Structures are given as structure tokens and as C-alpha cells.
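File shown here: target_39.cif, holding mmCIF, C-alpha atoms.
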data_coords
#
loop_
_atom_site.group_PDB
_atom_site.id
_atom_site.type_symbol
_atom_site.label_atom_id
_atom_site.label_comp_id
_atom_site.auth_asym_id
_atom_site.auth_seq_id
_atom_site.Cartn_x
_atom_site.Cartn_y
_atom_site.Cartn_z
ATOM 1 C CA PRO A 52 -6.445 13.492 8.164
ATOM 2 C CA LEU A 53 -8.352 10.296 8.096
ATOM 3 C CA ALA A 54 -6.720 7.497 10.076
ATOM 4 C CA LEU A 55 -7.182 3.823 9.328
ATOM 5 C CA THR A 56 -8.771 2.663 12.544
ATOM 6 C CA PRO A 57 -8.392 -0.965 13.680
ATOM 7 C CA ARG A 58 -12.076 -1.551 12.912
ATOM 8 C CA LEU A 59 -11.774 -0.137 9.392
ATOM 9 C CA HIS A 60 -8.562 -2.099 8.857
ATOM 10 C CA GLN A 61 -10.324 -5.311 9.932
ATOM 11 C CA ARG A 62 -13.304 -4.621 7.675
ATOM 12 C CA LEU A 63 -11.121 -3.854 4.642
ATOM 13 C CA LEU A 64 -8.915 -6.894 5.035
ATOM 14 C CA ASN A 65 -11.509 -9.423 6.201
ATOM 15 C CA PRO A 66 -11.521 -12.259 3.638
ATOM 16 C CA ARG A 67 -15.254 -13.011 4.037
ATOM 17 C CA ALA A 68 -17.571 -12.661 1.039
ATOM 18 C CA GLY A 69 -18.424 -9.100 0.128
ATOM 19 C CA LYS A 70 -15.079 -7.655 1.210
ATOM 20 C CA LEU A 71 -12.597 -6.073 -1.161
ATOM 21 C CA PRO A 72 -9.728 -8.294 -2.237
ATOM 22 C CA LEU A 73 -6.254 -7.020 -1.370
ATOM 23 C CA GLU A 74 -5.564 -6.189 -5.024
ATOM 24 C CA SER A 75 -8.643 -3.923 -5.129
ATOM 25 C CA ILE A 76 -7.571 -2.161 -1.955
ATOM 26 C CA GLN A 77 -4.143 -1.573 -3.491
ATOM 27 C CA VAL A 78 -5.765 -0.059 -6.608
ATOM 28 C CA VAL A 79 -7.850 2.318 -4.460
ATOM 29 C CA LEU A 80 -4.819 3.345 -2.383
ATOM 30 C CA GLU A 81 -2.715 3.921 -5.502
ATOM 31 C CA GLU A 82 -5.434 6.095 -7.032
ATOM 32 C CA LEU A 83 -5.600 8.152 -3.819
ATOM 33 C CA ARG A 84 -1.797 8.522 -3.960
ATOM 34 C CA LYS A 85 -1.868 9.627 -7.616
ATOM 35 C CA ASN A 86 -4.460 12.277 -6.754
ATOM 36 C CA GLY A 87 -2.313 13.546 -3.867
ATOM 37 C CA ASN A 88 -4.706 12.387 -1.145
ATOM 38 C CA LEU A 89 -2.546 9.585 0.253
ATOM 39 C CA GLU A 90 1.006 9.626 1.534
ATOM 40 C CA TRP A 91 2.902 6.473 2.449
ATOM 41 C CA LEU A 92 4.508 6.732 5.884
ATOM 42 C CA ASP A 93 7.014 3.922 5.386
ATOM 43 C CA LYS A 94 9.002 2.346 2.552
ATOM 44 C CA ASN A 95 7.183 -0.995 2.847
ATOM 45 C CA LYS A 96 3.829 0.717 2.214
ATOM 46 C CA THR A 97 2.215 -0.673 5.342
ATOM 47 C CA SER A 98 1.231 2.673 6.883
ATOM 48 C CA PHE A 99 -0.337 5.636 5.175
ATOM 49 C CA LEU A 100 -2.026 8.961 5.725
ATOM 50 C CA ILE A 101 -5.235 9.771 3.853
ATOM 51 C CA MET A 102 -5.821 13.486 3.441
ATOM 52 C CA TRP A 103 -9.227 15.051 2.877
ATOM 53 C CA LYS A 104 -7.599 17.892 0.964
ATOM 54 C CA ARG A 105 -4.129 17.962 -0.577
ATOM 55 C CA PRO A 106 -1.588 20.279 1.111
ATOM 56 C CA GLU A 107 -1.737 22.601 -1.935
ATOM 57 C CA GLU A 108 -5.519 22.927 -1.538
ATOM 58 C CA TRP A 109 -5.185 23.789 2.150
ATOM 59 C CA GLY A 110 -2.506 26.374 1.319
ATOM 60 C CA LYS A 111 -4.747 28.008 -1.269
ATOM 61 C CA LEU A 112 -7.753 28.084 1.092
ATOM 62 C CA ILE A 113 -5.715 29.559 3.941
ATOM 63 C CA TYR A 114 -4.149 32.184 1.665
ATOM 64 C CA GLN A 115 -7.589 33.164 0.319
ATOM 65 C CA TRP A 116 -8.926 33.532 3.884
ATOM 66 C CA VAL A 117 -5.915 35.599 4.959
ATOM 67 C CA SER A 118 -6.245 37.856 1.906
ATOM 68 C CA ARG A 119 -10.020 38.211 2.296
ATOM 69 C CA ASN A 120 -9.593 39.267 5.918
ATOM 70 C CA GLY A 121 -6.729 41.696 5.270
ATOM 71 C CA LEU A 122 -4.295 39.677 7.365
ATOM 72 C CA THR A 123 -1.385 39.247 4.959
ATOM 73 C CA ASN A 124 2.033 39.676 6.563
ATOM 74 C CA SER A 125 0.584 38.435 9.866
ATOM 75 C CA VAL A 126 1.787 35.436 11.824
ATOM 76 C CA PHE A 127 -0.663 32.737 12.952
ATOM 77 C CA THR A 128 -0.277 29.434 14.711
ATOM 78 C CA LEU A 129 -2.108 26.369 13.460
ATOM 79 C CA TYR A 130 -4.163 26.497 16.661
ATOM 80 C CA GLU A 131 -5.287 30.061 15.911
ATOM 81 C CA LEU A 132 -6.318 29.116 12.394
ATOM 82 C CA ALA A 133 -8.246 26.056 13.564
ATOM 83 C CA SER A 134 -9.751 27.390 16.802
ATOM 84 C CA GLY A 135 -9.424 31.169 16.830
ATOM 85 C CA ASP A 136 -12.281 33.637 17.106
ATOM 86 C CA ASP A 137 -11.595 34.902 13.573
ATOM 87 C CA THR A 138 -12.198 31.482 12.034
ATOM 88 C CA GLU A 139 -15.345 30.402 13.903
ATOM 89 C CA SER A 140 -17.636 31.036 10.938
ATOM 90 C CA GLU A 141 -15.359 29.314 8.416
#

Please render this file's structure as C-alpha cells.
Amino acid sequence: PLALTPRLHQRLLNPRAGKLPLESIQVVLEELRKNGNLEWLDKNKTSFLIMWKRPEEWGKLIYQWVSRNGLTNSVFTLYELASGDDTESE
């Protein structure tokens, strides 16, 4: 997940010339939400999570890897999938 760092937050919201107006930022965030790449973390829409891939895409990729490697009906931790020896070349 991509986090909105303080520096990025400052650059996006800085009112100096050449910066996106708040309305434009809201349009971009709404488009990301519609595409499934943004999830609001609070009701006031002040915090959000930007996802590189939607959860459905990750599920499909993981299932394809498991099937390709003959590992269906096996149990894995997230750590094993991200850092295990079997996934080094992925």
C-alpha cells in the first residue's frame, strides 16, 4: 500500500502556483476509489489507503501462483508468501 507521507501531503495541499487545487485532488481520489484502488479509513474522508492492486487482483495472482506450483490445499502465512524461498523469483 502506498501511504500519504507528510511530504507528499504538504506538496499536494500547498496552495502555491502549480499545485493541484483541493477540488482536483478530490476528483483524483474519487476516481481511485471508483476503480477500487482507494479505501477511505474514516467517515470524514480525511484518511485513506491507496492500493497498488485491488484485493481481487492480489487474490487472483496468489491463486494462480498456488495452482501453478501445485500447492492448493496448503496453508501459508502472509510472511511466507512475501518472503519465503518459494516466492523469491516472483

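Selection check: the PyMOL selection byres ((chain A and resi 103) around 12) on the shown file gives Pro52, Leu53, Ala54, Leu83, Asn86, Gly87, Asn88, Leu89, Glu90, Leu100, Ile101, Met102, Lys104, Arg105, Pro106, Glu107, Glu108 and Trp109 of chain A.
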
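Take the candidates A:Leu71, A:Lys85, A:Ser125, A:Leu80 and check each one against Ser98 (chain A) using only C-alpha atoms; the shortest distance goes to A:Leu80.
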
Evaluate the PyMOL selection byres ((chain A and resi 132) around 12) against this structure - the residues, as an mmCIF file with C-alpha atoms, keeping the file's coordinate frame, please.
data_model
loop_
_atom_site.group_PDB
_atom_site.id
_atom_site.type_symbol
_atom_site.label_atom_id
_atom_site.label_comp_id
_atom_site.auth_asym_id
_atom_site.auth_seq_id
_atom_site.Cartn_x
_atom_site.Cartn_y
_atom_site.Cartn_z
ATOM 1 C CA TRP A 109 -5.185 23.789 2.150
ATOM 2 C CA LEU A 112 -7.753 28.084 1.092
ATOM 3 C CA ILE A 113 -5.715 29.559 3.941
ATOM 4 C CA TYR A 114 -4.149 32.184 1.665
ATOM 5 C CA TRP A 116 -8.926 33.532 3.884
ATOM 6 C CA VAL A 117 -5.915 35.599 4.959
ATOM 7 C CA LEU A 122 -4.295 39.677 7.365
ATOM 8 C CA SER A 125 0.584 38.435 9.866
ATOM 9 C CA VAL A 126 1.787 35.436 11.824
ATOM 10 C CA PHE A 127 -0.663 32.737 12.952
ATOM 11 C CA THR A 128 -0.277 29.434 14.711
ATOM 12 C CA LEU A 129 -2.108 26.369 13.460
ATOM 13 C CA TYR A 130 -4.163 26.497 16.661
ATOM 14 C CA GLU A 131 -5.287 30.061 15.911
ATOM 15 C CA ALA A 133 -8.246 26.056 13.564
ATOM 16 C CA SER A 134 -9.751 27.390 16.802
ATOM 17 C CA GLY A 135 -9.424 31.169 16.830
ATOM 18 C CA ASP A 136 -12.281 33.637 17.106
ATOM 19 C CA ASP A 137 -11.595 34.902 13.573
ATOM 20 C CA THR A 138 -12.198 31.482 12.034
ATOM 21 C CA GLU A 139 -15.345 30.402 13.903
ATOM 22 C CA SER A 140 -17.636 31.036 10.938
ATOM 23 C CA GLU A 141 -15.359 29.314 8.416
#

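Across the model, the gap from CA of Leu73 (chain A) to CA of Leu92 (chain A) is 18.9 Å.
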
Give me the box for region 118-130 of chain A as AutoDock Vina command-line options, namely the centre and edge lengths in Å to one decimal of a box along x, y and z that holds every listed atom plus 8 Å on each side.
--center_x -4.0 --center_y 34.0 --center_z 9.3 --size_x 28.1 --size_y 31.3 --size_z 30.8

Please output region 83-111 of chain A, rebuilt to include N, CA and C atoms, as an mmCIF file, keeping the file's coordinate frame.
data_model
loop_
_atom_site.group_PDB
_atom_site.id
_atom_site.type_symbol
_atom_site.label_atom_id
_atom_site.label_comp_id
_atom_site.auth_asym_id
_atom_site.auth_seq_id
_atom_site.Cartn_x
_atom_site.Cartn_y
_atom_site.Cartn_z
ATOM 1 N N LEU A 83 -5.653 7.064 -4.797
ATOM 2 C CA LEU A 83 -5.600 8.152 -3.819
ATOM 3 C C LEU A 83 -4.214 8.805 -3.827
ATOM 4 N N ARG A 84 -3.167 7.989 -3.933
ATOM 5 C CA ARG A 84 -1.797 8.522 -3.960
ATOM 6 C C ARG A 84 -1.577 9.374 -5.204
ATOM 7 N N LYS A 85 -2.026 8.885 -6.364
ATOM 8 C CA LYS A 85 -1.868 9.627 -7.616
ATOM 9 C C LYS A 85 -2.560 10.987 -7.548
ATOM 10 N N ASN A 86 -3.701 11.033 -6.872
ATOM 11 C CA ASN A 86 -4.460 12.277 -6.754
ATOM 12 C C ASN A 86 -3.922 13.193 -5.660
ATOM 13 N N GLY A 87 -2.909 12.721 -4.915
ATOM 14 C CA GLY A 87 -2.313 13.546 -3.867
ATOM 15 C C GLY A 87 -3.030 13.476 -2.538
ATOM 16 N N ASN A 88 -3.945 12.505 -2.383
ATOM 17 C CA ASN A 88 -4.706 12.387 -1.145
ATOM 18 C C ASN A 88 -4.208 11.284 -0.217
ATOM 19 N N LEU A 89 -3.116 10.631 -0.590
ATOM 20 C CA LEU A 89 -2.546 9.585 0.253
ATOM 21 C C LEU A 89 -1.040 9.740 0.244
ATOM 22 N N GLU A 90 -0.449 9.580 1.410
ATOM 23 C CA GLU A 90 1.006 9.626 1.534
ATOM 24 C C GLU A 90 1.448 8.402 2.323
ATOM 25 N N TRP A 91 2.365 7.630 1.733
ATOM 26 C CA TRP A 91 2.902 6.473 2.449
ATOM 27 C C TRP A 91 3.816 6.952 3.561
ATOM 28 N N LEU A 92 3.710 6.329 4.731
ATOM 29 C CA LEU A 92 4.508 6.732 5.884
ATOM 30 C C LEU A 92 5.746 5.870 6.071
ATOM 31 N N ASP A 93 5.842 4.787 5.294
ATOM 32 C CA ASP A 93 7.014 3.922 5.386
ATOM 33 C C ASP A 93 7.335 3.351 4.005
ATOM 34 N N LYS A 94 8.555 2.865 3.846
ATOM 35 C CA LYS A 94 9.002 2.346 2.552
ATOM 36 C C LYS A 94 8.291 1.054 2.159
ATOM 37 N N ASN A 95 7.845 0.283 3.130
ATOM 38 C CA ASN A 95 7.183 -0.995 2.847
ATOM 39 C C ASN A 95 5.704 -0.833 2.495
ATOM 40 N N LYS A 96 5.221 0.396 2.534
ATOM 41 C CA LYS A 96 3.829 0.717 2.214
ATOM 42 C C LYS A 96 2.840 -0.063 3.087
ATOM 43 N N THR A 97 3.127 -0.030 4.400
ATOM 44 C CA THR A 97 2.215 -0.673 5.342
ATOM 45 C C THR A 97 1.434 0.353 6.155
ATOM 46 N N SER A 98 1.903 1.596 6.153
ATOM 47 C CA SER A 98 1.231 2.673 6.883
ATOM 48 C C SER A 98 1.064 3.859 5.943
ATOM 49 N N PHE A 99 -0.089 4.501 6.051
ATOM 50 C CA PHE A 99 -0.337 5.636 5.175
ATOM 51 C C PHE A 99 -1.218 6.655 5.857
ATOM 52 N N LEU A 100 -1.210 7.849 5.257
ATOM 53 C CA LEU A 100 -2.026 8.961 5.725
ATOM 54 C C LEU A 100 -2.957 9.330 4.581
ATOM 55 N N ILE A 101 -4.265 9.337 4.846
ATOM 56 C CA ILE A 101 -5.235 9.771 3.853
ATOM 57 C C ILE A 101 -5.623 11.198 4.201
ATOM 58 N N MET A 102 -5.535 12.073 3.211
ATOM 59 C CA MET A 102 -5.821 13.486 3.441
ATOM 60 C C MET A 102 -7.107 13.877 2.720
ATOM 61 N N TRP A 103 -7.979 14.570 3.439
ATOM 62 C CA TRP A 103 -9.227 15.051 2.877
ATOM 63 C C TRP A 103 -8.952 16.030 1.746
ATOM 64 N N LYS A 104 -8.036 16.938 1.981
ATOM 65 C CA LYS A 104 -7.599 17.892 0.964
ATOM 66 C C LYS A 104 -6.084 17.793 0.851
ATOM 67 N N ARG A 105 -5.572 17.974 -0.361
ATOM 68 C CA ARG A 105 -4.129 17.962 -0.577
ATOM 69 C C ARG A 105 -3.518 19.196 0.089
ATOM 70 N N PRO A 106 -2.236 19.123 0.475
ATOM 71 C CA PRO A 106 -1.588 20.279 1.111
ATOM 72 C C PRO A 106 -1.697 21.555 0.267
ATOM 73 N N GLU A 107 -1.620 21.423 -1.065
ATOM 74 C CA GLU A 107 -1.737 22.601 -1.935
ATOM 75 C C GLU A 107 -3.118 23.240 -1.806
ATOM 76 N N GLU A 108 -4.159 22.403 -1.686
ATOM 77 C CA GLU A 108 -5.519 22.927 -1.538
ATOM 78 C C GLU A 108 -5.670 23.686 -0.222
ATOM 79 N N TRP A 109 -5.122 23.107 0.859
ATOM 80 C CA TRP A 109 -5.185 23.789 2.150
ATOM 81 C C TRP A 109 -4.446 25.123 2.093
ATOM 82 N N GLY A 110 -3.275 25.135 1.451
ATOM 83 C CA GLY A 110 -2.506 26.374 1.319
ATOM 84 C C GLY A 110 -3.295 27.444 0.586
ATOM 85 N N LYS A 111 -3.947 27.060 -0.494
ATOM 86 C CA LYS A 111 -4.747 28.008 -1.269
ATOM 87 C C LYS A 111 -5.918 28.547 -0.448
#
